[in-house]
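A.B. asks: Structure supplied as model-v6.txt; contents: compact mmCIF, C-alpha atoms.
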# COMPACT_ATOMS: atom_id res chain seq x y z
CA MET A 1 91.49 117.47 107.53
CA ASP A 2 92.55 115.47 110.59
CA LEU A 3 92.55 111.84 109.48
CA GLY A 4 92.23 110.63 113.07
CA ILE A 5 95.06 108.08 112.91
CA LYS A 6 97.80 109.83 114.89
CA GLY A 7 99.59 107.32 117.10
CA ARG A 8 98.50 104.31 115.04
CA THR A 9 101.08 101.84 113.74
CA ALA A 10 101.50 100.81 110.12
CA LEU A 11 103.35 97.90 108.55
CA LEU A 12 104.25 98.83 104.98
CA CYS A 13 105.56 96.15 102.63
CA ALA A 14 107.94 97.13 99.83
CA SER A 15 108.16 100.70 101.05
CA SER A 16 111.79 101.70 100.53
CA GLN A 17 110.99 103.45 97.25
CA GLY A 18 108.24 104.29 94.77
CA LEU A 19 104.59 104.13 95.69
CA GLY A 20 105.23 102.22 98.91
CA TYR A 21 107.54 104.96 100.17
CA ALA A 22 105.03 107.63 99.14
CA CYS A 23 102.47 105.85 101.32
CA ALA A 24 104.90 105.83 104.24
CA GLN A 25 105.54 109.54 103.84
CA ALA A 26 101.82 110.30 103.83
CA LEU A 27 101.20 108.32 107.01
CA ALA A 28 104.21 109.79 108.80
CA ARG A 29 102.84 113.28 108.12
CA GLU A 30 99.64 112.19 109.84
CA GLY A 31 101.49 111.09 112.98
CA VAL A 32 101.48 107.36 112.29
CA ASN A 33 104.35 105.17 113.50
CA VAL A 34 105.66 103.32 110.46
CA VAL A 35 107.60 100.13 109.85
CA LEU A 36 109.27 100.19 106.44
CA ASN A 37 110.17 97.05 104.53
CA GLY A 38 112.37 96.15 101.60
CA ARG A 39 114.98 93.60 100.57
CA ASP A 40 117.92 95.96 100.05
CA GLU A 41 119.28 96.86 103.50
CA ASP A 42 121.22 99.90 102.31
CA LYS A 43 118.36 101.38 100.33
CA LEU A 44 115.91 100.63 103.12
CA GLY A 45 118.13 102.18 105.77
CA LYS A 46 118.52 105.37 103.75
CA ALA A 47 114.78 105.57 103.19
CA ALA A 48 114.11 105.17 106.91
CA GLU A 49 116.74 107.77 107.79
CA THR A 50 115.28 110.30 105.37
CA LEU A 51 111.76 109.71 106.64
CA SER A 52 112.91 110.04 110.25
CA GLU A 53 114.42 113.43 109.51
CA HIS A 54 111.00 114.73 108.46
CA SER A 55 108.83 112.99 111.03
CA GLU A 56 108.38 113.15 114.78
CA GLN A 57 106.89 109.67 114.81
CA GLU A 58 108.68 106.36 115.22
CA VAL A 59 110.22 105.02 112.00
CA ARG A 60 111.59 101.49 111.98
CA HIS A 61 112.67 99.25 109.14
CA VAL A 62 112.93 95.53 108.50
CA ALA A 63 114.94 94.08 105.63
CA ALA A 64 112.97 90.99 104.62
CA ASP A 65 111.53 89.21 101.60
CA VAL A 66 107.76 89.05 102.11
CA THR A 67 107.48 86.10 99.73
CA THR A 68 109.28 83.82 102.21
CA ASP A 69 108.13 82.36 105.51
CA ALA A 70 111.24 83.75 107.21
CA GLY A 71 110.68 87.20 105.75
CA ARG A 72 107.08 87.41 106.90
CA ALA A 73 108.07 86.11 110.33
CA ALA A 74 110.67 88.88 110.64
CA LEU A 75 108.09 91.51 109.71
CA LEU A 76 105.55 90.21 112.19
CA ASP A 77 108.18 89.92 114.91
CA ALA A 78 108.98 93.61 114.46
CA CYS A 79 105.34 94.66 114.14
CA PRO A 80 102.99 91.98 115.48
CA ALA A 81 99.93 94.21 115.90
CA PRO A 82 99.70 96.80 113.12
CA ASP A 83 96.60 98.96 112.83
CA ILE A 84 97.37 99.49 109.15
CA LEU A 85 98.79 96.98 106.68
CA LEU A 86 99.98 97.90 103.21
CA ASN A 87 100.48 94.90 100.96
CA ASN A 88 102.83 95.75 98.14
CA ASN A 89 105.41 93.87 96.12
CA ALA A 90 107.24 94.18 92.83
CA GLY A 91 105.14 93.21 89.85
CA PRO A 92 106.13 90.45 87.42
CA SER A 93 107.87 91.01 84.12
CA ALA A 94 105.69 91.88 81.17
CA LYS A 95 105.31 88.71 79.09
CA GLN A 96 102.92 87.38 76.49
CA PHE A 97 101.09 84.28 77.71
CA LEU A 98 103.00 81.83 75.48
CA ASP A 99 106.31 83.29 76.67
CA THR A 100 105.62 82.43 80.31
CA GLU A 101 107.15 79.48 82.11
CA PRO A 102 105.64 77.49 85.00
CA SER A 103 108.19 79.13 87.31
CA ASP A 104 106.84 82.57 86.33
CA TRP A 105 103.38 81.62 87.54
CA HIS A 106 104.63 80.14 90.81
CA ALA A 107 106.71 83.24 91.55
CA THR A 108 103.95 85.67 90.62
CA LEU A 109 101.29 83.90 92.65
CA GLY A 110 103.67 83.68 95.60
CA GLY A 111 104.58 87.35 95.55
CA ASN A 112 101.35 89.00 94.46
CA MET A 113 98.66 86.77 95.97
CA ILE A 114 99.88 84.27 98.56
CA ALA A 115 102.19 86.61 100.52
CA PRO A 116 99.50 89.28 101.03
CA VAL A 117 96.93 86.68 102.05
CA LEU A 118 99.25 85.15 104.65
CA LEU A 119 100.14 88.54 106.15
CA ILE A 120 96.47 89.44 106.41
CA HIS A 121 95.77 86.07 108.03
CA ALA A 122 98.37 86.88 110.68
CA VAL A 123 97.30 90.42 111.58
CA LEU A 124 93.54 90.23 111.11
CA PRO A 125 92.61 88.69 114.51
CA GLY A 126 94.27 91.59 116.34
CA MET A 127 92.53 94.16 114.17
CA ILE A 128 89.19 92.52 114.86
CA GLU A 129 89.87 92.46 118.61
CA ARG A 130 90.89 96.15 118.65
CA LYS A 131 87.93 97.14 116.43
CA PHE A 132 90.16 98.99 114.02
CA GLY A 133 92.01 97.84 110.96
CA ARG A 134 92.94 99.25 107.58
CA ILE A 135 94.25 96.82 104.97
CA VAL A 136 95.21 98.27 101.62
CA ASN A 137 96.68 96.32 98.74
CA ILE A 138 98.52 97.91 95.84
CA THR A 139 97.43 95.81 92.89
CA SER A 140 97.25 97.01 89.28
CA ALA A 141 95.00 98.40 86.58
CA MET A 142 95.48 94.98 85.00
CA VAL A 143 92.95 93.57 87.48
CA THR A 144 90.02 95.26 85.72
CA ALA A 145 91.55 96.00 82.31
CA PRO A 146 93.97 93.15 81.51
CA LYS A 147 96.39 93.45 78.62
CA PRO A 148 97.93 90.52 76.69
CA HIS A 149 101.49 91.17 77.92
CA HIS A 150 100.38 91.32 81.57
CA THR A 151 98.64 87.97 82.00
CA LEU A 152 100.87 87.15 84.97
CA SER A 153 99.99 90.30 86.87
CA ALA A 154 96.31 90.16 85.94
CA GLY A 155 95.92 86.56 87.04
CA ALA A 156 97.56 86.76 90.45
CA ARG A 157 96.15 90.13 91.42
CA ALA A 158 92.63 89.37 90.25
CA GLY A 159 92.75 86.25 92.41
CA LEU A 160 93.82 88.32 95.41
CA THR A 161 91.06 90.84 94.70
CA ALA A 162 88.34 88.20 94.59
CA SER A 163 89.51 86.47 97.75
CA LEU A 164 89.70 89.69 99.74
CA LYS A 165 86.36 90.96 98.45
CA ALA A 166 84.78 87.95 100.12
CA LEU A 167 86.72 88.60 103.31
CA SER A 168 85.81 92.29 103.37
CA LEU A 169 82.13 91.38 103.71
CA ASP A 170 82.88 89.43 106.87
CA VAL A 171 85.08 91.93 108.70
CA ALA A 172 83.41 95.27 107.98
CA LYS A 173 81.32 94.92 111.13
CA HIS A 174 84.54 95.02 113.15
CA ASN A 175 85.65 98.36 111.64
CA VAL A 176 88.24 96.54 109.54
CA THR A 177 88.32 97.68 105.93
CA ILE A 178 90.03 96.06 102.97
CA ASN A 179 90.59 98.04 99.78
CA ASN A 180 92.74 97.85 96.69
CA MET A 181 94.56 100.67 94.92
CA LEU A 182 95.03 100.18 91.18
CA PRO A 183 97.78 102.46 89.89
CA GLU A 184 98.43 103.20 86.24
CA ARG A 185 101.47 105.13 85.02
CA PHE A 186 102.90 106.74 88.14
CA ASP A 187 106.33 108.29 87.64
CA THR A 188 108.40 105.70 89.49
CA HIS A 189 111.20 103.26 88.75
CA ARG A 190 108.55 100.71 87.79
CA GLN A 191 107.46 102.87 84.85
CA GLU A 192 111.06 103.15 83.72
CA GLN A 193 111.19 99.36 83.68
CA MET A 194 107.94 99.22 81.73
CA ALA A 195 109.28 101.74 79.22
CA ARG A 196 112.34 99.58 78.59
CA ALA A 197 110.11 96.53 78.12
CA TRP A 198 108.02 98.58 75.68
CA MET A 199 111.21 99.50 73.79
CA LYS A 200 112.06 95.85 73.32
CA ARG A 201 108.53 94.77 72.47
CA GLU A 202 107.88 97.51 69.88
CA ASP A 203 111.45 98.21 68.72
CA ILE A 204 111.30 101.90 69.67
CA THR A 205 113.52 104.30 71.61
CA TYR A 206 113.26 104.97 75.34
CA GLU A 207 112.03 108.51 74.65
CA GLN A 208 109.33 107.18 72.36
CA ALA A 209 108.27 104.65 74.99
CA ARG A 210 108.00 107.32 77.67
CA ALA A 211 105.96 109.51 75.32
CA LEU A 212 103.58 106.61 74.69
CA GLN A 213 103.18 106.13 78.45
CA VAL A 214 102.05 109.74 78.81
CA LYS A 215 99.79 109.48 75.77
CA ALA A 216 98.05 106.47 77.30
CA ILE A 217 96.83 108.59 80.24
CA ALA A 218 93.74 110.78 79.85
CA ALA A 219 95.28 113.47 82.05
CA ASN A 220 98.20 113.61 79.59
CA ARG A 221 100.81 113.17 82.32
CA LEU A 222 102.22 110.55 84.62
CA GLY A 223 100.92 110.41 88.15
CA ARG A 224 102.92 111.83 91.05
CA PRO A 225 103.73 109.40 93.88
CA GLU A 226 102.60 111.92 96.49
CA GLU A 227 99.13 111.88 94.94
CA PHE A 228 99.00 108.15 95.44
CA GLY A 229 100.22 108.47 99.03
CA ALA A 230 97.53 111.01 99.88
CA ALA A 231 94.77 108.72 98.60
CA PHE A 232 96.25 105.83 100.58
CA ALA A 233 96.31 107.88 103.78
CA PHE A 234 92.64 108.76 103.39
CA LEU A 235 91.70 105.09 102.96
CA CYS A 236 93.49 104.45 106.26
CA SER A 237 91.65 107.24 108.06
CA VAL A 238 88.71 107.18 110.43
CA HIS A 239 86.69 108.92 107.72
CA ALA A 240 86.98 105.92 105.40
CA SER A 241 85.34 103.37 107.70
CA TYR A 242 82.39 103.10 105.28
CA ILE A 243 84.62 102.27 102.30
CA SER A 244 85.57 98.62 101.99
CA GLY A 245 85.90 95.94 99.35
CA GLN A 246 86.61 98.54 96.69
CA ASN A 247 89.04 98.87 93.79
CA LEU A 248 90.23 102.46 93.50
CA HIS A 249 91.64 103.34 90.09
CA LEU A 250 94.36 105.97 90.22
CA ASP A 251 95.04 106.56 86.56
CA GLY A 252 94.38 110.16 85.58
CA GLY A 253 90.86 109.32 84.48
CA SER A 254 91.95 106.63 82.01
CA TYR A 255 89.85 103.65 83.11
CA PRO A 256 87.42 103.22 80.19
CA ALA A 257 84.58 101.24 81.76
CA LEU A 258 81.51 102.38 83.67
CA LEU A 259 81.92 99.77 86.44
Written as structure tokens, how would this file's structure read?
C.D. replies:
Amino acid sequence: MDLGIKGRTALLCASSQGLGYACAQALAREGVNVVLNGRDEDKLGKAAETLSEHSEQEVRHVAADVTTDAGRAALLDACPAPDILLNNNAGPSAKQFLDTEPSDWHATLGGNMIAPVLLIHAVLPGMIERKFGRIVNITSAMVTAPKPHHTLSAGARAGLTASLKALSLDVAKHNVTINNMLPERFDTHRQEQMARAWMKREDITYEQARALQVKAIAANRLGRPEEFGAAFAFLCSVHASYISGQNLHLDGGSYPALL
């Protein structure tokens, strides 16, 4: 299927590794010019070099922290008029509510709600003027199925989801879509971190924690990053112009609710 986005430009936050990089790979295969982002210059440069070797499209990279004014300014200076925006950022540490500190909430809201909102605020007028825009936010399964040790993630990302649902109703008429991807248990560095947190919380071995991660998924396996990237690319396509304001669970069929 031709996704109809060849020649478009994408700004991809936190895309030097993991799910963000998988999204970049998927777009590059479709002929999209991509701007990668991360905070580690060495890691980011290597990711961009690898992607360039397998793509005929333009691949640029910007080392910047999206949670800061300076970081967002650097991203927008490098890519002021993206057709596609991926909002992504590292999730907060897993903590029970009473273990959180005020600084945890400020940092989580800044990174997982405020930064995406401000980037959207900057690029949205251009998307509206050009009559094409695809905004996708990587949030979390915790938005619709919160767990006690993920109150930080659930709070910030649910706030982002509600705010952007309202916005999606206003911009759909301009062929600008806003959707959220809710991953659960993809085989990335993030899941390794979660396994180690599980070890500490439950006093179990790393191998036991990884086995419990797999057991928690109905498909009885962890997700592959390339599966996530393919779904992302479709949401960015011309064929997805009638899909907006949605939360797409990517969890091997594990989401338990009807709605």
A.B. asks: Sort by chain and increasing residue number a table of all residues of range 140-177 of chain A within 8 Å of range 106-112 of chain A, each with its closest pair of atoms and their distance in Å to one decimal, counting all atoms listed in the file, and write it as a tab-separated table.
C.D. replies:
residue	atom	partner	partner_atom	distance
A:Leu152	CA	A:Thr108	CA	6.6
A:Ser153	CA	A:Thr108	CA	7.2
A:Ala156	CA	A:Leu109	CA	5.2
A:Arg157	CA	A:Asn112	CA	6.1
A:Leu160	CA	A:Asn112	CA	7.6
A.B. asks: What is the distance, in Å and to one decimal place, between CA of Leu167 in chain A and CA of Asn179 in chain A?
C.D. replies: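 Value for the CA of Leu167 in chain A-CA of Asn179 in chain A distance: 10.8 Å.
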A.B. asks: So the first atom is CA of Lys200 in chain A and the second is CA of Gly253 in chain A; what is the distance between them in Å, to one decimal place?
C.D. replies: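 So the answer is 27.5 Å.
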A.B. asks: Taking (95.3, 93.0, 100.7) as a centre in this file's frame and 9 Å as the limit, can you find every polymer residue with an atom that close, using only C-alpha atoms, and give them as a ChimeraX atom specification?
C.D. replies: /A:85-88,113,116-117,119-120,135-139,160-161,164,178-180
A.B. asks: From the options A:Asn33, A:Gln96, A:Ser254, A:Gln246, which residue's atoms come nearest to Ala216 in chain A, counting only C-alpha atoms?
C.D. replies: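 When distances to Ala216 in chain A are compared using only C-alpha atoms, the smallest one comes from A:Ser254.
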A.B. asks: Could you list, as a list in words, every residue within 12 Å of Met1 in chain A, counting all atoms listed in the file and ignoring same-chain residues fewer than 5 positions away?
C.D. replies: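 Counting only the stated atoms, we get Glu30, Ala230, Ala233, Phe234, Ser237, Val238 and His239 of chain A.
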A.B. asks: What gap, in Å, lies between CA of Leu51 in chain A and CA of Gln25 in chain A?
C.D. replies: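 It comes out at 6.8 Å.
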A.B. asks: With all atoms of range 82-90 of chain A from the file as input, state the centre and edge lengths in Å to one decimal of the axis-aligned box that has 4 Å extra on each side, as JSON.
C.D. replies:
{"center_x": 101.9, "center_y": 96.7, "center_z": 103.0, "size_x": 18.6, "size_y": 13.6, "size_z": 28.3}
A.B. asks: Considering all atoms listed in the file, state which residue in the set A:Asp99, A:Glu49, A:Glu184, A:Asp42 is at the smallest distance from Leu248 in chain A.
C.D. replies: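 Checking each candidate against Leu248 in chain A, we get A:Glu184 as the closest.
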A.B. asks: So that I can see what lies close to Asp65 in chain A, please list as a PyMOL selection string the residues with an atom at most 8 Å from it, counting all atoms listed in the file and leaving out residues fewer than 5 positions away in the same chain.
C.D. replies: chain A and resi 38-39+70-72
A.B. asks: Got a sec: who's within 9 Å of Asn175 in chain A, counting all atoms listed in the file, leaving out chain neighbours fewer than 6 positions off, as JSON, numbers by chain?
C.D. replies: {"A": [127, 128, 131, 132, 133, 134, 241, 242]}
A.B. asks: Could you list as a PDB file with C-alpha atoms, in the frame of the given file every residue that has an atom within 7 Å of (106.6, 89.3, 83.9), using the file's coordinates and counting only C-alpha atoms?
C.D. replies:
ATOM      1  CA  PRO A  92     106.130  90.450  87.420  1.00  0.00           C
ATOM      2  CA  SER A  93     107.870  91.010  84.120  1.00  0.00           C
ATOM      3  CA  ALA A  94     105.690  91.880  81.170  1.00  0.00           C
ATOM      4  CA  LYS A  95     105.310  88.710  79.090  1.00  0.00           C
ATOM      5  CA  HIS A 150     100.380  91.320  81.570  1.00  0.00           C
ATOM      6  CA  LEU A 152     100.870  87.150  84.970  1.00  0.00           C
TER       7      LEU A 152
END
A.B. asks: Considering only C-alpha atoms, return as a list in words whatever protein or nucleic-acid residues lie within 7 Å of His61 in chain A, sequence-local ones (same chain, fewer than 2 positions apart) excluded.
C.D. replies: Val35, Leu36, Asn37, Leu44, Ala48, Val59 and Ala63 of chain A
A.B. asks: As a compact mmCIF listing (two decimals) with C-alpha atoms, keeping the file's coordinate frame, please: the residues near Gly7 in chain A (cut-off 10 Å, all atoms listed in the file, same-chain neighbours under 3 positions excluded).
C.D. replies:
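File result35.txt, as written:
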# COMPACT_ATOMS: atom_id res chain seq x y z
CA GLY A 4 92.23 110.63 113.07
CA ALA A 10 101.50 100.81 110.12
CA ALA A 28 104.21 109.79 108.80
CA GLU A 30 99.64 112.19 109.84
CA GLY A 31 101.49 111.09 112.98
CA VAL A 32 101.48 107.36 112.29
CA ASN A 33 104.35 105.17 113.50
CA VAL A 34 105.66 103.32 110.46
CA GLN A 57 106.89 109.67 114.81
CA GLU A 58 108.68 106.36 115.22
CA ASP A 83 96.60 98.96 112.83
A.B. asks: So, with only C-alpha atoms as the atoms that count, which of A:Ala172, A:Ala219, A:Val123, A:Met181 lies closest to Ile243 in chain A?
C.D. replies: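 Of A:Ala172, A:Ala219, A:Val123, A:Met181, the one nearest Ile243 in chain A is A:Ala172, counting only C-alpha atoms.
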